[in-house]
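So this block is model_11.txt, compact mmCIF, C-alpha atoms:
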# COMPACT_ATOMS: atom_id res chain seq x y z
CA MET A 1 102.02 77.77 161.72
CA SER A 2 103.24 74.39 162.84
CA SER A 3 101.93 72.97 166.09
CA GLU A 4 105.49 71.98 167.04
CA ASN A 5 106.75 75.55 166.79
CA ARG A 6 103.81 77.27 168.43
CA GLN A 7 104.21 78.60 171.94
CA LYS A 8 101.77 76.83 174.23
CA ILE A 9 98.78 79.03 175.05
CA HIS A 10 95.57 77.67 176.51
CA PRO A 11 92.88 77.56 173.78
CA ARG A 12 90.43 79.41 176.03
CA VAL A 13 92.87 82.31 176.21
CA VAL A 14 93.03 82.42 172.40
CA ALA A 15 89.23 82.40 172.26
CA GLU A 16 89.09 85.24 174.81
CA ALA A 17 91.55 87.23 172.69
CA ALA A 18 89.35 86.70 169.61
CA GLU A 19 86.30 87.96 171.52
CA TRP A 20 88.21 91.07 172.62
CA PHE A 21 89.27 91.62 169.02
CA MET A 22 85.62 91.62 167.97
CA VAL A 23 84.76 94.17 170.67
CA LEU A 24 87.62 96.52 169.83
CA SER A 25 86.99 96.26 166.08
CA SER A 26 83.37 97.32 166.47
CA GLY A 27 83.98 101.06 166.20
CA ASN A 28 81.71 101.63 169.21
CA VAL A 29 83.97 100.86 172.17
CA ARG A 30 83.16 102.27 175.60
CA PRO A 31 85.97 103.64 177.82
CA ASP A 32 85.27 100.95 180.43
CA GLU A 33 85.64 98.24 177.76
CA THR A 34 89.01 99.66 176.73
CA ALA A 35 90.11 99.63 180.36
CA GLN A 36 88.90 96.05 180.81
CA TRP A 37 90.78 94.94 177.71
CA GLN A 38 93.98 96.64 178.88
CA ALA A 39 93.64 94.99 182.29
CA TRP A 40 93.08 91.60 180.64
CA LEU A 41 96.05 92.13 178.31
CA SER A 42 98.48 93.04 181.08
CA SER A 43 97.29 90.43 183.59
CA HIS A 44 99.30 87.54 182.10
CA PRO A 45 102.03 87.09 179.42
CA ASP A 46 99.88 84.46 177.68
CA HIS A 47 97.25 87.13 177.04
CA ARG A 48 99.76 89.23 175.09
CA MET A 49 100.89 86.22 173.06
CA ALA A 50 97.28 85.24 172.32
CA TRP A 51 96.47 88.80 171.29
CA ALA A 52 99.44 88.88 168.89
CA ARG A 53 98.33 85.56 167.40
CA VAL A 54 94.76 86.75 166.84
CA GLU A 55 96.03 90.01 165.31
CA PHE A 56 98.16 88.01 162.85
CA TYR A 57 95.41 85.65 161.72
CA THR A 58 92.70 88.33 161.61
CA ASP A 59 94.83 91.02 159.99
CA LYS A 60 92.60 91.12 156.92
CA PHE A 61 89.65 92.32 159.02
CA LYS A 62 91.40 95.58 159.84
CA SER A 63 90.59 96.62 156.26
CA LEU A 64 86.92 96.98 157.15
CA PRO A 65 85.95 100.66 157.19
CA PRO A 66 85.00 101.83 160.69
CA GLN A 67 81.49 102.77 159.54
CA ALA A 68 80.81 99.18 158.51
CA ALA A 69 82.10 97.77 161.78
CA PHE A 70 79.99 100.26 163.74
CA ALA A 71 76.88 99.35 161.75
CA ALA A 72 77.52 95.68 162.41
CA THR A 73 77.66 96.26 166.14
CA GLU A 74 74.46 98.30 166.04
CA ALA A 75 72.77 95.50 164.11
CA LEU A 76 73.63 93.00 166.80
CA ASN A 77 72.02 95.17 169.47
CA ALA A 78 69.07 96.46 167.47
CA PRO A 79 65.42 95.37 167.68
CA ASN A 80 64.39 92.86 165.02
CA LEU A 81 62.42 95.47 163.07
CA ASN A 82 65.55 97.54 162.54
CA ARG A 83 68.02 94.73 162.05
CA ARG A 84 67.50 94.28 158.30
CA ARG A 85 67.85 98.00 157.63
CA LEU A 86 71.04 98.21 159.67
CA LEU A 87 72.52 95.14 158.00
CA LEU A 88 71.81 96.68 154.61
CA SER A 89 73.49 99.90 155.72
CA MET A 90 76.48 97.93 156.92
CA ALA A 91 76.82 96.12 153.59
CA LEU A 92 76.55 99.35 151.58
CA LEU A 93 79.06 101.13 153.78
CA GLY A 94 81.43 98.20 153.49
CA VAL A 95 81.33 98.18 149.69
CA ALA A 96 81.52 101.95 149.34
CA GLY A 97 84.14 102.62 151.97
CA LEU A 98 86.54 99.71 151.78
CA SER A 99 88.64 100.88 148.87
CA GLY A 100 89.29 104.36 150.20
CA TRP A 101 89.91 103.08 153.71
CA GLN A 102 92.55 100.61 152.54
CA ILE A 103 94.35 103.02 150.26
CA SER A 104 94.46 105.65 152.99
CA ARG A 105 96.51 103.34 155.18
CA GLY A 106 100.19 103.01 154.26
CA ARG A 107 100.63 99.32 154.80
CA TYR A 108 97.66 98.42 152.60
CA TRP A 109 99.12 100.51 149.83
CA GLN A 110 102.44 98.73 150.34
CA GLU A 111 100.74 95.34 150.03
CA TRP A 112 98.74 96.14 146.92
CA SER A 113 101.64 97.93 145.21
CA ALA A 114 103.95 94.95 145.77
CA ASP A 115 105.44 93.26 142.72
CA GLN A 116 103.43 90.09 143.42
CA HIS A 117 100.43 89.62 145.69
CA THR A 118 97.49 87.29 146.20
CA ALA A 119 93.93 87.93 147.24
CA LEU A 120 92.15 86.19 150.08
CA GLY A 121 91.84 82.47 149.30
CA GLU A 122 94.18 82.70 146.31
CA SER A 123 97.65 81.19 145.84
CA LYS A 124 100.03 81.84 143.00
CA THR A 125 103.32 80.46 141.64
CA VAL A 126 105.81 82.96 140.20
CA SER A 127 108.85 82.00 138.13
CA LEU A 128 111.83 84.27 138.80
CA ALA A 129 114.46 85.43 136.33
CA ASP A 130 117.14 83.07 137.68
CA GLY A 131 114.97 79.96 137.35
CA SER A 132 113.88 79.93 141.00
CA SER A 133 110.19 79.83 141.88
CA VAL A 134 108.14 81.34 144.68
CA VAL A 135 104.61 80.33 145.72
CA LEU A 136 102.48 82.94 147.50
CA ASP A 137 99.94 81.83 150.08
CA SER A 138 96.52 83.43 150.57
CA GLY A 139 96.68 87.17 151.24
CA SER A 140 100.43 87.49 150.70
CA ALA A 141 102.62 90.13 149.06
CA VAL A 142 106.26 90.15 148.00
CA ASN A 143 108.68 92.43 146.16
CA VAL A 144 111.36 91.06 143.82
CA ASP A 145 114.68 92.91 143.60
CA PHE A 146 117.39 91.21 141.54
CA SER A 147 120.56 93.28 141.12
CA VAL A 148 124.08 92.55 139.84
CA ASN A 149 125.14 91.51 143.36
CA LEU A 150 122.05 90.09 145.06
CA ARG A 151 118.86 88.12 144.44
CA ARG A 152 116.43 89.57 147.00
CA LEU A 153 112.81 89.02 147.93
CA GLN A 154 111.06 91.33 150.40
CA LEU A 155 108.16 89.60 152.15
CA VAL A 156 105.60 92.34 152.81
CA LYS A 157 102.82 90.15 154.15
CA GLY A 158 101.74 86.52 154.50
CA GLU A 159 103.75 83.43 153.61
CA ILE A 160 105.86 82.27 150.67
CA TYR A 161 107.47 78.97 149.67
CA ILE A 162 110.69 79.18 147.65
CA GLU A 163 112.54 76.67 145.50
CA THR A 164 115.89 78.21 144.60
CA ALA A 165 117.87 77.52 141.44
CA PRO A 166 121.64 77.88 140.93
CA ASP A 167 122.49 81.39 139.83
CA THR A 168 123.47 81.62 136.16
CA VAL A 169 125.54 84.73 136.77
CA GLY A 170 129.24 83.89 137.10
CA TRP A 171 129.75 85.35 140.58
CA LYS A 172 126.82 83.43 142.10
CA ARG A 173 124.71 86.11 143.74
CA PRO A 174 123.29 85.24 147.20
CA PHE A 175 119.54 84.56 147.37
CA VAL A 176 117.89 86.24 150.39
CA VAL A 177 114.42 86.92 151.80
CA ASP A 178 114.05 90.07 153.92
CA THR A 179 111.26 90.51 156.47
CA LEU A 180 110.53 93.09 159.16
CA GLU A 181 112.62 91.07 161.61
CA GLY A 182 115.70 90.28 159.54
CA ARG A 183 117.15 88.27 156.66
CA VAL A 184 116.98 84.63 155.57
CA GLN A 185 119.73 83.53 153.15
CA ALA A 186 119.25 80.38 151.09
CA LEU A 187 122.04 77.81 151.02
CA GLY A 188 120.73 76.03 147.91
CA THR A 189 117.37 74.99 149.25
CA ARG A 190 113.59 74.69 149.48
CA PHE A 191 112.10 76.67 152.36
CA SER A 192 109.15 78.78 153.49
CA VAL A 193 109.05 82.18 155.19
CA SER A 194 106.02 83.57 157.03
CA GLN A 195 105.60 87.17 158.22
CA GLN A 196 103.73 87.04 161.51
CA GLN A 197 102.92 89.54 164.24
CA ASN A 198 106.38 90.76 165.41
CA ARG A 199 107.87 87.44 164.30
CA THR A 200 109.18 85.69 161.21
CA GLN A 201 108.79 81.92 160.90
CA VAL A 202 111.09 79.86 158.68
CA ALA A 203 110.82 76.17 157.79
CA VAL A 204 113.42 74.29 155.71
CA PHE A 205 112.49 71.34 153.49
CA GLN A 206 115.78 70.76 151.65
CA ASP A 207 119.42 71.76 152.32
CA GLY A 208 119.63 74.82 154.60
CA VAL A 209 119.27 78.55 155.26
CA GLU A 210 121.08 81.11 157.40
CA ILE A 211 119.00 83.43 159.60
CA GLN A 212 120.18 86.91 160.59
CA PRO A 213 117.95 89.01 162.92
CA ALA A 214 117.99 92.71 162.04
CA ASP A 215 119.09 94.02 165.46
CA ALA A 216 121.43 91.21 166.53
CA ILE A 217 124.39 91.12 164.15
CA SER A 218 126.15 88.32 166.00
CA ALA A 219 123.11 86.06 166.38
CA LYS A 220 123.25 84.09 163.14
CA GLN A 221 121.68 80.63 162.98
CA THR A 222 121.89 77.92 160.33
CA LEU A 223 118.72 75.89 159.82
CA VAL A 224 118.71 72.56 157.95
CA ALA A 225 116.05 70.36 156.35
CA GLY A 226 113.40 69.21 158.81
CA GLN A 227 113.86 72.23 161.09
CA GLN A 228 111.79 75.34 161.68
CA VAL A 229 112.11 78.38 163.89
CA GLN A 230 110.67 81.77 164.72
CA PHE A 231 112.80 84.86 165.16
CA ALA A 232 112.28 88.46 166.23
CA SER A 233 114.48 91.41 165.29
CA SER A 234 116.67 90.88 168.35
CA ARG A 235 116.72 87.11 168.93
CA ILE A 236 116.16 83.64 167.49
CA GLU A 237 113.84 81.29 169.37
CA PRO A 238 114.52 77.55 169.92
CA ILE A 239 114.57 75.31 166.85
CA HIS A 240 111.82 72.70 166.38
CA ARG A 241 111.43 69.71 164.09
CA HIS A 242 108.86 69.16 161.34
CA ASN A 243 108.19 66.18 159.08
CA GLN A 244 106.72 67.87 156.01
CA ASN A 245 108.08 67.70 152.48
CA LYS A 246 106.58 71.11 151.70
CA PRO A 247 103.93 73.38 153.27
CA ALA A 248 100.47 71.80 153.19
CA TRP A 249 98.89 74.99 151.83
CA THR A 250 100.96 74.71 148.62
CA GLU A 251 98.96 71.55 147.88
CA GLY A 252 95.63 73.11 148.87
CA PHE A 253 95.26 71.67 152.37
CA ILE A 254 95.22 72.80 155.97
CA VAL A 255 96.65 70.11 158.26
CA ALA A 256 95.73 69.73 161.94
CA ASP A 257 97.77 67.44 164.16
CA ASP A 258 95.94 67.42 167.51
CA LEU A 259 95.28 71.17 167.11
CA PRO A 260 92.91 73.04 169.46
CA LEU A 261 89.72 74.14 167.74
CA SER A 262 90.40 77.82 168.49
CA GLU A 263 93.80 77.62 166.75
CA PHE A 264 92.39 75.68 163.80
CA LEU A 265 89.69 78.29 163.23
CA LEU A 266 92.24 81.12 163.40
CA GLN A 267 94.27 79.41 160.67
CA LEU A 268 91.16 78.71 158.61
CA SER A 269 90.23 82.41 158.76
CA ARG A 270 93.22 83.19 156.52
CA TYR A 271 91.45 81.49 153.62
CA ARG A 272 87.93 82.94 153.77
CA PRO A 273 86.41 86.42 154.14
CA GLY A 274 85.00 87.60 157.45
CA TYR A 275 85.32 86.55 161.05
CA ILE A 276 85.28 83.12 162.67
CA THR A 277 85.02 83.11 166.46
CA CYS A 278 84.97 80.22 168.89
CA ALA A 279 83.17 79.95 172.24
CA THR A 280 85.61 79.46 175.12
CA GLU A 281 83.79 76.31 176.32
CA ILE A 282 84.79 74.40 173.16
CA ALA A 283 88.11 76.12 172.38
CA ASP A 284 90.13 73.11 173.55
CA LEU A 285 88.42 70.51 171.35
CA ARG A 286 91.13 68.72 169.35
CA ILE A 287 91.25 68.64 165.56
CA ILE A 288 93.09 66.02 163.51
CA GLY A 289 93.26 65.54 159.76
CA SER A 290 93.84 67.21 156.39
CA TYR A 291 91.17 69.54 155.06
CA PRO A 292 90.95 70.87 151.47
CA LEU A 293 91.00 74.68 151.43
CA LYS A 294 89.02 74.88 148.20
CA ASP A 295 85.74 74.93 150.15
CA THR A 296 86.01 76.41 153.65
CA ASP A 297 82.23 76.25 154.13
CA ARG A 298 82.50 72.49 153.74
CA ILE A 299 85.20 72.37 156.42
CA LEU A 300 82.95 74.25 158.84
CA ALA A 301 80.04 71.96 157.99
CA PHE A 302 82.26 68.94 158.66
CA LEU A 303 83.18 70.30 162.09
CA GLU A 304 79.50 70.83 162.88
CA ALA A 305 78.63 67.29 161.82
CA ASN A 306 81.46 65.57 163.69
CA LEU A 307 82.02 67.66 166.81
CA PRO A 308 79.66 68.78 169.59
CA VAL A 309 79.43 72.24 168.02
CA LYS A 310 76.96 74.28 166.01
CA LEU A 311 77.39 77.22 163.66
CA SER A 312 75.70 80.57 164.06
CA HIS A 313 75.69 83.39 161.47
CA PRO A 314 74.80 86.61 163.32
CA LEU A 315 76.04 88.64 160.34
CA PRO A 316 76.91 87.76 156.73
CA PHE A 317 80.66 88.00 157.40
CA TRP A 318 80.68 86.47 160.88
CA VAL A 319 80.55 82.75 161.76
CA LYS A 320 80.29 81.85 165.46
CA VAL A 321 81.18 78.30 166.51
CA LEU A 322 79.18 77.46 169.63
CA PRO A 323 78.60 74.46 171.90
CA ARG A 324 75.80 72.23 170.66
Would you kindly transcribe this structure into structure tokens?
Amino acid sequence: MSSENRQKIHPRVVAEAAEWFMVLSSGNVRPDETAQWQAWLSSHPDHRMAWARVEFYTDKFKSLPPQAAFAATEALNAPNLNRRRLLLSMALLGVAGLSGWQISRGRYWQEWSADQHTALGESKTVSLADGSSVVLDSGSAVNVDFSVNLRRLQLVKGEIYIETAPDTVGWKRPFVVDTLEGRVQALGTRFSVSQQQNRTQVAVFQDGVEIQPADAISAKQTLVAGQQVQFASSRIEPIHRHNQNKPAWTEGFIVADDLPLSEFLLQLSRYRPGYITCATEIADLRIIGSYPLKDTDRILAFLEANLPVKLSHPLPFWVKVLPR
């Protein structure tokens, strides 16, 4: 997600949303905690936007079986003598229960039954029948549906980068990408499409695309190279500029241009298993630079060595970034 196209939310609010996500994912939530979360969520529009952002970047954690999440919470609160036993139980429950839990939920079946998909931390380039190519980002899924009248991709999850080729069929079938929020039609181009929480984001790197929200037939928008935008099913948000030649992740990097630490860690979480949370006191620290995604542990170690932060590992799948 580009910093130019991101709605401005205070980093501490994003960090608060991440903490609430941890609480509500624990499987052991008290009624008063649910009420407190609902009060927090409804107290300001930024809280809802931050919650949606955290849900998008931490979507992979919803695959944890509830027994494993509950055991993790118990381990955090348990006496030291019981901690090792509870952590072992958590790990065993996670391995044994994950497969059945995912398959039992419709959207996970949809992702894993997609024509093309990538695992966490994996990217893949797929050559299509018309000579076009599509690159799948980490944890993405897409269906390919080429008919006599239409070249269609359905983005189920994650982000894809497309380089279209001229259609070899005589009547020149349109090339489109469908998401939950609408349709993106290529106008001979290179572009990326990202399925986010209740939003689709599109960035164009060459030529142009036409955007059509699903519930707003008259609200079409043409996007040209160097532009990006988010749209919902009923509206298209303001257009922003970008200066990239292609998405950084296609070349194995995550790029931060004066990005708050809380936002950077949310993006990084898409490329490694488990949780990363950030203390609110350091959420607004600024991050600049390009970081190779091949080794996310090295990125975290770099942050610890160059920022006033320290890493804590309360559980094997949880990294907490704290003030030093």
Residues around (93.5, 79.3, 149.4), cut-off 7 Å, counting all atoms listed in the file - what are they as a PyMOL selection string? chain A and resi 121-123+137-138+252+271+293-294
Please write the residues from the selection above to a file, keeping C-alpha atoms, as a PDB file, in the frame of the given file.
ATOM      1  CA  GLY A 121      91.840  82.470 149.300  1.00  0.00           C
ATOM      2  CA  GLU A 122      94.180  82.700 146.310  1.00  0.00           C
ATOM      3  CA  SER A 123      97.650  81.190 145.840  1.00  0.00           C
ATOM      4  CA  ASP A 137      99.940  81.830 150.080  1.00  0.00           C
ATOM      5  CA  SER A 138      96.520  83.430 150.570  1.00  0.00           C
ATOM      6  CA  GLY A 252      95.630  73.110 148.870  1.00  0.00           C
ATOM      7  CA  TYR A 271      91.450  81.490 153.620  1.00  0.00           C
ATOM      8  CA  LEU A 293      91.000  74.680 151.430  1.00  0.00           C
ATOM      9  CA  LYS A 294      89.020  74.880 148.200  1.00  0.00           C
TER      10      LYS A 294
END
Can you tell me how far atom CA of Glu281 of chain A sits from atom CA of Pro11 of chain A, in Å to one decimal?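 Atom-to-atom, atom CA of Glu281 of chain A and atom CA of Pro11 of chain A are spaced 9.5 Å apart.
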Quick one: everything within 10 Å of Pro166 of chain A, counting all atoms listed in the file, minus sequence neighbours fewer than 6 positions away in the same chain. Send it as a ChimeraX atom specification. /A:130-132,172-175,188-189
For Leu300 of chain A, list every protein, DNA or RNA residue within 10 Å, evaluated using only C-alpha atoms, and leave out those in the same chain fewer than 3 positions away; present the list as a CSV table (one decimal) with C-alpha atoms, in the coordinates of the input.
chain,number,residue,atom,x,y,z
A,265,LEU,CA,89.7,78.3,163.2
A,268,LEU,CA,91.2,78.7,158.6
A,276,ILE,CA,85.3,83.1,162.7
A,295,ASP,CA,85.7,74.9,150.2
A,296,THR,CA,86.0,76.4,153.6
A,297,ASP,CA,82.2,76.2,154.1
A,303,LEU,CA,83.2,70.3,162.1
A,304,GLU,CA,79.5,70.8,162.9
A,305,ALA,CA,78.6,67.3,161.8
A,310,LYS,CA,77.0,74.3,166.0
A,311,LEU,CA,77.4,77.2,163.7
A,319,VAL,CA,80.6,82.8,161.8
A,321,VAL,CA,81.2,78.3,166.5
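Counting only C-alpha atoms and comparing A:Thr222, A:Gln244, A:Gln230, A:Thr277, the residue that lies closest to Gln196 of chain A is A:Gln230.
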Shortest contact to Thr280 of chain A, candidates A:Arg151, A:Phe146, A:Ser133, A:Ala17, atoms counted only C-alpha atoms, goes to A:Ala17
Do you have the atom CA of Gly182 of chain A-atom CA of Val255 of chain A distance handy?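 Separation between atom CA of Gly182 of chain A and atom CA of Val255 of chain A: 27.8 Å.
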For the point (115.0, 75.4, 156.5) in file coordinates, what residues are within 6 Å, counting all atoms listed in the file? Give the answer as number ranges by chain? A: 191, 203-205, 208-209, 223-225, 227
Between atom CA of Pro238 of chain A and atom CA of Ile211 of chain A, measure the distance and give it in Å to one decimal. 12.7 Å
Find the smallest box with edges along x, y and z containing every listed atom of segment 150-168 of chain A, then add 3 Å on each side and report centre and edge lengths in Å to one decimal, as JSON.
{"center_x": 112.6, "center_y": 84.5, "center_z": 145.3, "size_x": 27.7, "size_y": 21.7, "size_z": 24.3}
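Residues in contact with Ile217 of chain A at up to 10 Å, not including ones fewer than 2 positions away on its chain and judged by all atoms listed in the file, are Gly182, Gln212, Pro213, Ala214, Asp215, Ala219, Lys220, Ser233, Ser234 and Arg235 of chain A.
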Could you list, as a count of residues only, every residue within 6 Å of Val193 of chain A, counting all atoms listed in the file and ignoring same-chain residues fewer than 6 positions away? 4
Using all atoms listed in the file, which of A:His44, A:Ser140, A:Ile236, A:Arg270 sits nearest Glu181 of chain A? A:Ile236
Would you mind writing segment 26-42 of chain A with N, CA, C and O atoms, as a PDB file, keeping the file's coordinate frame?
ATOM      1  N   SER A  26      84.756  96.947 166.745  1.00  0.00           N
ATOM      2  CA  SER A  26      83.370  97.320 166.470  1.00  0.00           C
ATOM      3  C   SER A  26      83.194  98.772 166.091  1.00  0.00           C
ATOM      4  O   SER A  26      82.209  99.142 165.470  1.00  0.00           O
ATOM      5  N   GLY A  27      84.144  99.637 166.476  1.00  0.00           N
ATOM      6  CA  GLY A  27      83.980 101.060 166.200  1.00  0.00           C
ATOM      7  C   GLY A  27      83.090 101.750 167.205  1.00  0.00           C
ATOM      8  O   GLY A  27      82.794 102.935 167.049  1.00  0.00           O
ATOM      9  N   ASN A  28      82.628 101.047 168.227  1.00  0.00           N
ATOM     10  CA  ASN A  28      81.710 101.630 169.210  1.00  0.00           C
ATOM     11  C   ASN A  28      82.126 101.145 170.604  1.00  0.00           C
ATOM     12  O   ASN A  28      81.346 100.556 171.342  1.00  0.00           O
ATOM     13  N   VAL A  29      83.402 101.389 170.945  1.00  0.00           N
ATOM     14  CA  VAL A  29      83.970 100.860 172.170  1.00  0.00           C
ATOM     15  C   VAL A  29      83.829 101.872 173.302  1.00  0.00           C
ATOM     16  O   VAL A  29      84.197 103.035 173.153  1.00  0.00           O
ATOM     17  N   ARG A  30      83.304 101.404 174.427  1.00  0.00           N
ATOM     18  CA  ARG A  30      83.160 102.270 175.600  1.00  0.00           C
ATOM     19  C   ARG A  30      84.496 102.382 176.335  1.00  0.00           C
ATOM     20  O   ARG A  30      85.306 101.459 176.289  1.00  0.00           O
ATOM     21  N   PRO A  31      84.716 103.496 177.045  1.00  0.00           N
ATOM     22  CA  PRO A  31      85.970 103.640 177.820  1.00  0.00           C
ATOM     23  C   PRO A  31      86.181 102.510 178.818  1.00  0.00           C
ATOM     24  O   PRO A  31      87.314 102.059 179.015  1.00  0.00           O
ATOM     25  N   ASP A  32      85.103 102.026 179.446  1.00  0.00           N
ATOM     26  CA  ASP A  32      85.270 100.950 180.430  1.00  0.00           C
ATOM     27  C   ASP A  32      85.678  99.648 179.747  1.00  0.00           C
ATOM     28  O   ASP A  32      86.412  98.839 180.318  1.00  0.00           O
ATOM     29  N   GLU A  33      85.230  99.436 178.492  1.00  0.00           N
ATOM     30  CA  GLU A  33      85.640  98.240 177.760  1.00  0.00           C
ATOM     31  C   GLU A  33      87.115  98.307 177.410  1.00  0.00           C
ATOM     32  O   GLU A  33      87.832  97.298 177.491  1.00  0.00           O
ATOM     33  N   THR A  34      87.590  99.493 177.017  1.00  0.00           N
ATOM     34  CA  THR A  34      89.010  99.660 176.730  1.00  0.00           C
ATOM     35  C   THR A  34      89.841  99.374 177.972  1.00  0.00           C
ATOM     36  O   THR A  34      90.869  98.687 177.902  1.00  0.00           O
ATOM     37  N   ALA A  35      89.396  99.874 179.115  1.00  0.00           N
ATOM     38  CA  ALA A  35      90.110  99.630 180.360  1.00  0.00           C
ATOM     39  C   ALA A  35      90.111  98.157 180.734  1.00  0.00           C
ATOM     40  O   ALA A  35      91.129  97.614 181.192  1.00  0.00           O
ATOM     41  N   GLN A  36      88.982  97.478 180.515  1.00  0.00           N
ATOM     42  CA  GLN A  36      88.900  96.050 180.810  1.00  0.00           C
ATOM     43  C   GLN A  36      89.835  95.254 179.915  1.00  0.00           C
ATOM     44  O   GLN A  36      90.493  94.302 180.366  1.00  0.00           O
ATOM     45  N   TRP A  37      89.874  95.630 178.630  1.00  0.00           N
ATOM     46  CA  TRP A  37      90.780  94.940 177.710  1.00  0.00           C
ATOM     47  C   TRP A  37      92.229  95.140 178.118  1.00  0.00           C
ATOM     48  O   TRP A  37      93.017  94.190 178.125  1.00  0.00           O
ATOM     49  N   GLN A  38      92.612  96.371 178.463  1.00  0.00           N
ATOM     50  CA  GLN A  38      93.980  96.640 178.880  1.00  0.00           C
ATOM     51  C   GLN A  38      94.345  95.858 180.140  1.00  0.00           C
ATOM     52  O   GLN A  38      95.465  95.342 180.265  1.00  0.00           O
ATOM     53  N   ALA A  39      93.396  95.763 181.074  1.00  0.00           N
ATOM     54  CA  ALA A  39      93.640  94.990 182.290  1.00  0.00           C
ATOM     55  C   ALA A  39      93.811  93.513 181.956  1.00  0.00           C
ATOM     56  O   ALA A  39      94.694  92.835 182.510  1.00  0.00           O
ATOM     57  N   TRP A  40      92.963  93.003 181.066  1.00  0.00           N
ATOM     58  CA  TRP A  40      93.080  91.600 180.640  1.00  0.00           C
ATOM     59  C   TRP A  40      94.432  91.368 179.955  1.00  0.00           C
ATOM     60  O   TRP A  40      95.126  90.387 180.235  1.00  0.00           O
ATOM     61  N   LEU A  41      94.828  92.283 179.077  1.00  0.00           N
ATOM     62  CA  LEU A  41      96.050  92.130 178.310  1.00  0.00           C
ATOM     63  C   LEU A  41      97.280  92.093 179.206  1.00  0.00           C
ATOM     64  O   LEU A  41      98.213  91.308 178.979  1.00  0.00           O
ATOM     65  N   SER A  42      97.293  92.922 180.227  1.00  0.00           N
ATOM     66  CA  SER A  42      98.480  93.040 181.080  1.00  0.00           C
ATOM     67  C   SER A  42      98.479  92.054 182.247  1.00  0.00           C
ATOM     68  O   SER A  42      99.475  91.963 182.973  1.00  0.00           O
TER      69      SER A  42
END
